[in-house]
Amino acid sequence: MTSIAKPPVRHPSLGKNALGFTRRDYEGAMSTLCAGCGHDSVTAALIQAFWELDVPPHRAAKMSGIGCSSKTTAYFMKQSHGFNSVHGRMPSLTTGANAANRDLMYIGISGDGDSLSIGLGQFCHAIRRNVQMLYLLENNGVYGLTKGQFSASADVGSTSKKGEPNIQKPIDPALLALSLGATFVARSFSGDKAHLVPILKAGLKHNGFAFIDIISPCVSFNDHEGSTKSYKHTREHEVDLAPVDFVPLRREITAKQGPDAGVTSVTMHDGSILRFRKTAREYDPTDRGAAASHVRACSERGEVATGLLYVEEGGEEMHALNRTVAKPLVELPFEELCPGNARLQELMAEYR
Amino acid sequence: MSQVNDFAFKIATVNGTGSASANTLLMTSIFRMGIPVTGKNIFPSNIQGLPTWYEIRVSGDGWNARRAQIDLVVAMNPETYKKDIASVTAGGYLIYDSSWPLPADLVREDITILGVPCGKMCVEAFERDRDRVLLRNIVYAGAVAALLDIDMNVVDELLKETYGRKPKLLDANHTAVRLGYDYTRANLQCPLPIRLERLDKTKDCILIDGNTAFGLGAVFAGATVGGWYPITPSTAMMDAFANFCKKYRTTPDGEKNYIVIQAEDELAAAGIVIGANWAGARAFTSTSGPGISLMQEFIGLAYYAEIPSVFVNVQRTGPSTGMPTRTQQADLFSCAYASHGDTKHICLYPSDPKELFDMAPVAFDLAERFQTPVFVLSDLDIGMNDWMVPKFTWNDGYVPDRGNMLTADDVEKLGKWGRYQDTGGGIPSRTLPGSGGKGAYFTRGSGHNLNAAYTEDSAEYRAVVDRIALKFTTAAGEVPRAVIEKAPGGSDIGIIAIGSTNGAVREAIDRLAKQGVSCDYCRIRAFPFGADVVEFLESHEKVFVVEQNRDAQLRSMIGIETGTPFSKMISVLDYGGLPLVPRVVVDAVVAQMAGVQQ
Ligand SMILES: Cc1ncc(C[n+]2csc(CCOP(=O)(O)OP(=O)(O)O)c2C)c(N)n1
Ligand code: SF4
Ligand SMILES: [Mg+2]
């Protein structure tokens, strides 16, 4: 919340992707968030993910609710339509937009206040409907935009800037998403771009509702000693799973990247491959129960479970469940929609 | 007392016992005899076990309002005997189930009481308990048929159409209707002086309820997305939409050219509708007052971000949960001025199912032309009751008005484009997500300028909201005009009404004319009020404003929006939850005129 001019999101190279776009083409308006806000790092990671995935910007739609986090839809991909709506209601809006035009890539951005308090119902029901979208929860444990009140993700004992401890139990959005049947559940950290980008890419390619809880510290209200959502605390308590590589379909799998023994890989809907690098720990990202136990166990130890926690390809998203035609509803010509007077007259006979 | 084709009768039963099919049978039989008929269901907010009434009015002259005077009551629910017997007009008739005696203290000398042992006959004729309960209704239908002289061929034909594919059911229904009919013919004097005689006045008409009508209209208007949350009395509307879509919008492979999403609440329903319209579909929701209350914040977003959306409010009796199965016109404010901040919305006020059907494409066209929420204010009476209306027709030349919608090429040609710039009449132009090129813009409910960029600048803010106000003024000239009916030679007295009270008001005007009081009539069909409404107000000395709410919401809106002096508008208010009867209007006008003469 500042009007100090800051450079737009930085990027090292200005190389072109397959569509001939540079990363700059995926940028948006200049951020007005506080310098150092975790949300800006998420935006930077998104720009990279979209660029690397060669997403045509105009085929994406950016949706958000209200909050500092929700503002960020304005800060990337200015060539995409965006919608900064009302507090906690982005999921229903995206449901409607997706219902009308299933061909766009929907990215929903929300905050912990937006998703876990005022919008908790909408968040849950978008998962139940399995709306095809990437849903990011930029989680800082507070309401940034209204100046630092605890949110529903704040841990018990985590202190406010003034030193008050939070006394209510938190809602863990990843656990919630797992229990509601989400088919892609991940947690990442805004401070670790290398970790976040492949997960974003995988989420964008997921068939169905892809959820990523991103710990994204609020430097103005929740980055102090005593906060469990600070940069420092997250770095020190993060327990990461096997690092993930996202191998897009069109790139040939080279010998170096090729499947090797001990590597778990999941083939995505469009043929892209997710590879979980080998680690000491045994972890099966396709076992929902194990994922939930892992998250819970970490949290009980005061740790933050990150990584691609669960993925299930082959599920049916909203339109498949509904059996909607493949063509987006917005593209159906009126003649195909209106039965016409002759059929109306036939019908009228039934009302006599 | 001979009232051929001109009377009203009422059937008192217990809900959840299957009386609906008997009542429909009676009503449809009368309709098929060519006699104009209307039915009003006065039912409880309950699934089973509470009293329910069905009122059928027969009018050879075609009046369709509810009638205060009930000439015949079919009393099948002992629990309401007292009330039902009291409701028969003097000289009228009561049929009761004489399987059990009628308490002596309830007997009235000024009406004729007729006993038909419906229950007993059912016990003798049918084995199963369920049949005995359900078919008792068909037995009373048979008795009524005998007393009113309903053509039994028509009844037989209807039973055959309904149960043709289930021979056992057909047989049972046939037996039951004959039990009632034959018993009544043999033991009571048939027909009564209130009776039916064939006419030829219904052949171009249908019997339909408003919820079905709008659901159908939405299919024809090209709606592809429905977002909703169940609430009486609107639920059947989205059901109808889904059913007609299933019939007309399913591809040969069984795929759907539509999607109906039952949301988690009305907030989400509104979000779905707004999101779908934003993405370019025609989407709507059906709801009632409590739902509209929940949608307020989203409505303001659609208003300010200028997103088309159609909200159908099938009004019920408020405030709060109110009386969910009773009718009212009390959401006029909550729709016209929905949401915080300066907001005003286009509202349509249909008067019957036919108009509701016809207004479906109008609502979507207005929403897209003006890029704004449009409210269609139906009510429980229109939505859930059976109305006799002319058959619907569809103009195959209809082309949806998608409004000022630009493609990527259009934007390219314009060179410079701003989402919220005025393109004439205060109306901006829009692009759809996915369209590409330079047409991308950022939609927000926060302050924005004419180019859709965030602003906190007073002048930039005002430029947008002032243009939206101008758009609303433009809409006043493009919404459906009022229906104005002048008395021969005109009158100084005007009557203004909206919606479902139309039948009662027109009948009242007819009766008043017969008493020597002539009135002109203006039925407002939309908000903002057009020049025709203003002209009507200005050209009448005294205007009665008839509406079904306590606080004279319509009168207030007229006063506020047109500057008409409140002193010349006299309220006729009826808000007990039942459809208006003409007498209320007649009495109010007569009383006022008498006062003036004193
Ligand atoms: C209906 C409504 N109530 C309250 C607010 C005020 N408000 C704006 S943002 C916000 C909280 C945002 O918190 P979060 O979603 O965590 O976003 P952050 O700012 O932390 O990124 C609140 C309560 C609002 N905009 N709308
Ligand atoms: S208040 Fe917190 S969340 Fe908001 S911009 Fe500043 S640092 Fe980010
Ligand atoms: Mg937050």
# chains A, B, ... in the order shown; residues from 1 in each chain; ligands from 1
>>> interface_residues(of="chain A", to="chain B", cutoff="7 Å", atoms="only C-alpha atoms", output="compact mmCIF listing (two decimals) with N, CA and C atoms, in the first residue's frame")
# COMPACT_ATOMS: atom_id res chain seq x y z
N HIS A 58 -4.20 -13.91 -24.03
CA HIS A 58 -5.62 -13.60 -24.15
C HIS A 58 -6.51 -14.82 -23.92
N ARG A 59 -5.91 -15.99 -23.83
CA ARG A 59 -6.73 -17.17 -23.57
C ARG A 59 -6.80 -17.49 -22.07
N ALA A 60 -6.27 -16.60 -21.26
CA ALA A 60 -6.37 -16.80 -19.81
C ALA A 60 -7.33 -15.77 -19.24
N ALA A 61 -7.95 -16.12 -18.13
CA ALA A 61 -8.79 -15.15 -17.42
C ALA A 61 -8.36 -15.16 -15.97
N GLN A 79 -2.60 -8.52 -21.03
CA GLN A 79 -3.35 -8.85 -22.24
C GLN A 79 -4.47 -9.86 -21.97
N SER A 80 -4.64 -10.21 -20.71
CA SER A 80 -5.74 -11.12 -20.36
C SER A 80 -6.85 -10.30 -19.73
N HIS A 81 -8.08 -10.76 -19.88
CA HIS A 81 -9.16 -10.16 -19.12
C HIS A 81 -8.97 -10.54 -17.65
N GLY A 82 -9.27 -9.60 -16.78
CA GLY A 82 -9.14 -9.87 -15.36
C GLY A 82 -10.39 -9.42 -14.63
N PHE A 83 -10.58 -9.97 -13.46
CA PHE A 83 -11.79 -9.62 -12.72
C PHE A 83 -11.47 -9.61 -11.23
N ASN A 84 -11.38 -8.43 -10.68
CA ASN A 84 -11.16 -8.25 -9.25
C ASN A 84 -12.55 -7.98 -8.67
N SER A 85 -13.14 -8.98 -8.01
CA SER A 85 -14.59 -8.90 -7.76
C SER A 85 -14.96 -8.45 -6.36
N ARG A 89 -15.83 -14.08 -3.08
CA ARG A 89 -16.79 -14.62 -4.06
C ARG A 89 -16.16 -14.98 -5.39
N SER A 92 -17.39 -18.47 -7.13
CA SER A 92 -18.66 -18.58 -7.86
C SER A 92 -18.59 -17.84 -9.19
N LEU A 93 -17.91 -16.73 -9.19
CA LEU A 93 -17.75 -15.97 -10.41
C LEU A 93 -16.99 -16.79 -11.46
N THR A 94 -15.95 -17.46 -10.99
CA THR A 94 -15.16 -18.29 -11.89
C THR A 94 -15.96 -19.50 -12.36
N THR A 95 -16.77 -20.04 -11.46
CA THR A 95 -17.65 -21.13 -11.85
C THR A 95 -18.52 -20.70 -13.03
N GLY A 96 -19.11 -19.50 -12.91
CA GLY A 96 -19.99 -19.00 -13.96
C GLY A 96 -19.24 -18.74 -15.25
N ALA A 97 -18.08 -18.12 -15.14
CA ALA A 97 -17.30 -17.81 -16.34
C ALA A 97 -16.88 -19.11 -17.04
N ALA A 99 -18.39 -21.96 -16.76
CA ALA A 99 -19.60 -22.59 -17.30
C ALA A 99 -19.87 -22.05 -18.70
N ALA A 100 -19.67 -20.76 -18.88
CA ALA A 100 -19.97 -20.12 -20.16
C ALA A 100 -18.89 -20.41 -21.20
N ASN A 101 -17.63 -20.34 -20.77
CA ASN A 101 -16.53 -20.55 -21.72
C ASN A 101 -15.48 -21.47 -21.13
N LEU A 104 -11.17 -21.27 -21.75
CA LEU A 104 -10.15 -20.36 -21.22
C LEU A 104 -9.42 -21.01 -20.04
N GLN A 122 -17.73 -20.74 -0.55
CA GLN A 122 -17.52 -20.72 -2.00
C GLN A 122 -16.29 -21.54 -2.37
N HIS A 125 -17.20 -25.23 -2.20
CA HIS A 125 -18.12 -25.70 -3.24
C HIS A 125 -17.51 -25.66 -4.64
N ARG A 323 -21.82 -33.29 -18.46
CA ARG A 323 -21.95 -33.72 -19.85
C ARG A 323 -22.26 -32.55 -20.78
N THR A 324 -21.59 -31.45 -20.56
CA THR A 324 -21.75 -30.29 -21.45
C THR A 324 -21.08 -30.59 -22.78
N VAL A 325 -21.56 -29.98 -23.85
CA VAL A 325 -20.90 -30.14 -25.14
C VAL A 325 -19.45 -29.62 -25.05
N LEU A 329 -20.10 -22.89 -24.40
CA LEU A 329 -21.50 -22.48 -24.57
C LEU A 329 -21.59 -21.12 -25.26
N VAL A 330 -20.63 -20.24 -25.00
CA VAL A 330 -20.68 -18.91 -25.61
C VAL A 330 -20.51 -18.96 -27.13
N PHE A 334 -27.10 -18.93 -31.92
CA PHE A 334 -28.45 -18.81 -31.39
C PHE A 334 -29.39 -19.84 -32.00
N LEU A 337 -29.72 -22.83 -30.17
CA LEU A 337 -30.23 -22.69 -28.81
C LEU A 337 -31.74 -22.51 -28.76
N CYS A 338 -32.30 -21.90 -29.79
CA CYS A 338 -33.72 -21.56 -29.77
C CYS A 338 -34.52 -22.62 -30.53
N PRO A 339 -35.47 -23.25 -29.86
CA PRO A 339 -36.23 -24.33 -30.53
C PRO A 339 -37.14 -23.83 -31.66
N GLY A 340 -37.51 -22.57 -31.68
CA GLY A 340 -38.33 -22.04 -32.78
C GLY A 340 -39.83 -22.22 -32.57
N ASN A 341 -40.59 -21.45 -33.35
CA ASN A 341 -42.03 -21.40 -33.12
C ASN A 341 -42.75 -22.72 -33.41
N LEU A 344 -42.61 -24.74 -30.50
CA LEU A 344 -43.38 -24.11 -29.42
C LEU A 344 -44.86 -24.45 -29.58
N MET A 348 -47.38 -26.27 -27.02
CA MET A 348 -48.58 -25.61 -26.50
C MET A 348 -49.74 -26.60 -26.35
N TYR A 351 -50.38 -28.03 -23.00
CA TYR A 351 -50.90 -27.18 -21.92
C TYR A 351 -52.37 -26.88 -22.09
N ARG A 352 -53.08 -27.82 -22.68
CA ARG A 352 -54.51 -27.65 -22.86
C ARG A 352 -55.27 -28.72 -22.11
>>> residues_near_ligand(ligand="ligand 2", cutoff="10 Å", atoms="only C-alpha atoms and all ligand atoms", output="ChimeraX atom specification")
/A:1-2,31-40,67-72,111,138-148,216-223
>>> residues_around(residues="stretch 17-26 of chain B", least_positions_apart="4", cutoff="8 Å", atoms="only C-alpha atoms", output="ChimeraX atom specification")
/B:11,13,30,48-49,54,133-134,137-138,141,145,155,158-159
>>> write_last_selection(atoms="C-alpha atoms", output="mmCIF file, in the first residue's frame")
data_model
loop_
_atom_site.group_PDB
_atom_site.id
_atom_site.type_symbol
_atom_site.label_atom_id
_atom_site.label_comp_id
_atom_site.auth_asym_id
_atom_site.auth_seq_id
_atom_site.Cartn_x
_atom_site.Cartn_y
_atom_site.Cartn_z
ATOM 1 C CA ILE B 11 -61.770 -27.207 -2.341
ATOM 2 C CA THR B 13 -58.131 -30.635 1.736
ATOM 3 C CA ILE B 30 -63.881 -26.842 -17.381
ATOM 4 C CA GLN B 48 -47.672 -33.037 4.457
ATOM 5 C CA GLY B 49 -50.540 -32.739 6.904
ATOM 6 C CA TYR B 54 -57.697 -24.639 -4.121
ATOM 7 C CA VAL B 133 -56.611 -41.829 0.625
ATOM 8 C CA LEU B 134 -55.564 -40.718 -2.854
ATOM 9 C CA ASN B 137 -59.983 -36.837 -4.056
ATOM 10 C CA ILE B 138 -61.093 -38.249 -7.375
ATOM 11 C CA ALA B 141 -64.101 -34.555 -8.247
ATOM 12 C CA ALA B 145 -68.656 -32.908 -11.883
ATOM 13 C CA VAL B 155 -63.265 -36.084 -17.724
ATOM 14 C CA LEU B 158 -58.419 -36.413 -19.464
ATOM 15 C CA LEU B 159 -58.041 -39.465 -17.261
#
>>> select_by_dssp(residues="stretch 391-582 of chain B", states="alpha helix (DSSP H)", output="PDB file with C-alpha atoms, in the first residue's frame")
ATOM      1  CA  ALA B 408     -10.683  -8.095 -31.327  1.00  0.00           C
ATOM      2  CA  ASP B 409     -10.956  -6.765 -34.883  1.00  0.00           C
ATOM      3  CA  ASP B 410     -13.493  -4.124 -33.867  1.00  0.00           C
ATOM      4  CA  VAL B 411     -11.163  -2.896 -31.174  1.00  0.00           C
ATOM      5  CA  GLU B 412      -8.234  -2.933 -33.569  1.00  0.00           C
ATOM      6  CA  LYS B 413     -10.162  -0.780 -36.034  1.00  0.00           C
ATOM      7  CA  LEU B 414     -11.109   1.680 -33.320  1.00  0.00           C
ATOM      8  CA  SER B 458     -13.162  12.420  -7.911  1.00  0.00           C
ATOM      9  CA  ALA B 459     -13.571  13.620 -11.466  1.00  0.00           C
ATOM     10  CA  GLU B 460     -12.687  10.275 -12.989  1.00  0.00           C
ATOM     11  CA  TYR B 461     -15.018   8.499 -10.592  1.00  0.00           C
ATOM     12  CA  ARG B 462     -17.861  10.858 -11.396  1.00  0.00           C
ATOM     13  CA  ALA B 463     -17.399  10.537 -15.125  1.00  0.00           C
ATOM     14  CA  VAL B 464     -18.235   6.847 -14.828  1.00  0.00           C
ATOM     15  CA  VAL B 465     -21.142   6.996 -12.378  1.00  0.00           C
ATOM     16  CA  ASP B 466     -22.696   9.959 -14.198  1.00  0.00           C
ATOM     17  CA  ARG B 467     -22.535   8.056 -17.451  1.00  0.00           C
ATOM     18  CA  ILE B 468     -24.197   5.074 -15.766  1.00  0.00           C
ATOM     19  CA  ALA B 469     -26.965   7.416 -14.618  1.00  0.00           C
ATOM     20  CA  LEU B 470     -27.359   8.635 -18.181  1.00  0.00           C
ATOM     21  CA  LYS B 471     -27.627   5.024 -19.312  1.00  0.00           C
ATOM     22  CA  PHE B 472     -30.498   4.563 -16.900  1.00  0.00           C
ATOM     23  CA  THR B 473     -32.262   7.613 -18.329  1.00  0.00           C
ATOM     24  CA  THR B 474     -31.848   6.181 -21.814  1.00  0.00           C
ATOM     25  CA  ALA B 475     -33.349   2.910 -20.615  1.00  0.00           C
ATOM     26  CA  ALA B 476     -36.554   4.714 -19.639  1.00  0.00           C
ATOM     27  CA  ASN B 502     -54.023  -6.663 -13.383  1.00  0.00           C
ATOM     28  CA  GLY B 503     -57.040  -8.966 -13.599  1.00  0.00           C
ATOM     29  CA  ALA B 504     -58.540  -7.742 -10.352  1.00  0.00           C
ATOM     30  CA  VAL B 505     -57.951  -4.092 -11.227  1.00  0.00           C
ATOM     31  CA  ARG B 506     -59.499  -4.406 -14.674  1.00  0.00           C
ATOM     32  CA  GLU B 507     -62.516  -6.155 -13.247  1.00  0.00           C
ATOM     33  CA  ALA B 508     -62.822  -3.472 -10.588  1.00  0.00           C
ATOM     34  CA  ILE B 509     -62.724  -0.775 -13.256  1.00  0.00           C
ATOM     35  CA  ASP B 510     -65.492  -2.593 -15.118  1.00  0.00           C
ATOM     36  CA  ARG B 511     -67.616  -2.778 -11.998  1.00  0.00           C
ATOM     37  CA  LEU B 512     -66.954   0.855 -11.142  1.00  0.00           C
ATOM     38  CA  ALA B 513     -68.002   1.882 -14.626  1.00  0.00           C
ATOM     39  CA  LYS B 514     -71.283   0.028 -14.098  1.00  0.00           C
ATOM     40  CA  ALA B 531     -42.702   9.229 -20.557  1.00  0.00           C
ATOM     41  CA  ASP B 532     -46.059   7.506 -21.029  1.00  0.00           C
ATOM     42  CA  VAL B 533     -46.324   6.914 -17.290  1.00  0.00           C
ATOM     43  CA  VAL B 534     -45.404  10.506 -16.529  1.00  0.00           C
ATOM     44  CA  GLU B 535     -47.980  11.743 -19.033  1.00  0.00           C
ATOM     45  CA  PHE B 536     -50.648   9.563 -17.426  1.00  0.00           C
ATOM     46  CA  LEU B 537     -49.817  10.914 -13.983  1.00  0.00           C
ATOM     47  CA  GLU B 538     -49.889  14.488 -15.179  1.00  0.00           C
ATOM     48  CA  GLN B 553     -43.521   1.149  -2.402  1.00  0.00           C
ATOM     49  CA  LEU B 554     -44.757   1.779  -5.932  1.00  0.00           C
ATOM     50  CA  ARG B 555     -46.326   5.077  -4.948  1.00  0.00           C
ATOM     51  CA  SER B 556     -43.070   6.120  -3.304  1.00  0.00           C
ATOM     52  CA  MET B 557     -41.048   5.179  -6.345  1.00  0.00           C
ATOM     53  CA  ILE B 558     -43.391   7.128  -8.601  1.00  0.00           C
ATOM     54  CA  GLY B 559     -43.192  10.146  -6.326  1.00  0.00           C
ATOM     55  CA  ILE B 560     -39.423  10.030  -6.029  1.00  0.00           C
ATOM     56  CA  GLU B 561     -38.653   9.255  -9.637  1.00  0.00           C
ATOM     57  CA  THR B 562     -41.234  11.412 -11.442  1.00  0.00           C
ATOM     58  CA  PRO B 582     -61.596  -6.722  -7.279  1.00  0.00           C
TER      59      PRO B 582
END
>>> closest_residue(among="B:Thr162, B:Thr112, B:Asn243, B:Asn173", to="B:Tyr140", atoms="only C-alpha atoms")
B:Asn173
>>> closest_residue(among="A:Leu116, A:Ala74, A:Ala29, A:Phe21", to="ligand 1", atoms="only C-alpha atoms and all ligand atoms")
A:Leu116
>>> closest_residue(among="B:Phe527, B:Gly91, B:Ile231, B:Ile427", to="B:Cys347", atoms="only C-alpha atoms")
B:Phe527
>>> select_by_dssp(residues="stretch 72-244 of chain A", states="strand (DSSP E or B)", output="VMD selection string")
chain A and resid 76 81 to 84 105 to 111 133 to 139 142 to 143 149 to 150 159 165 184 to 189 209 to 215 238 to 240 244
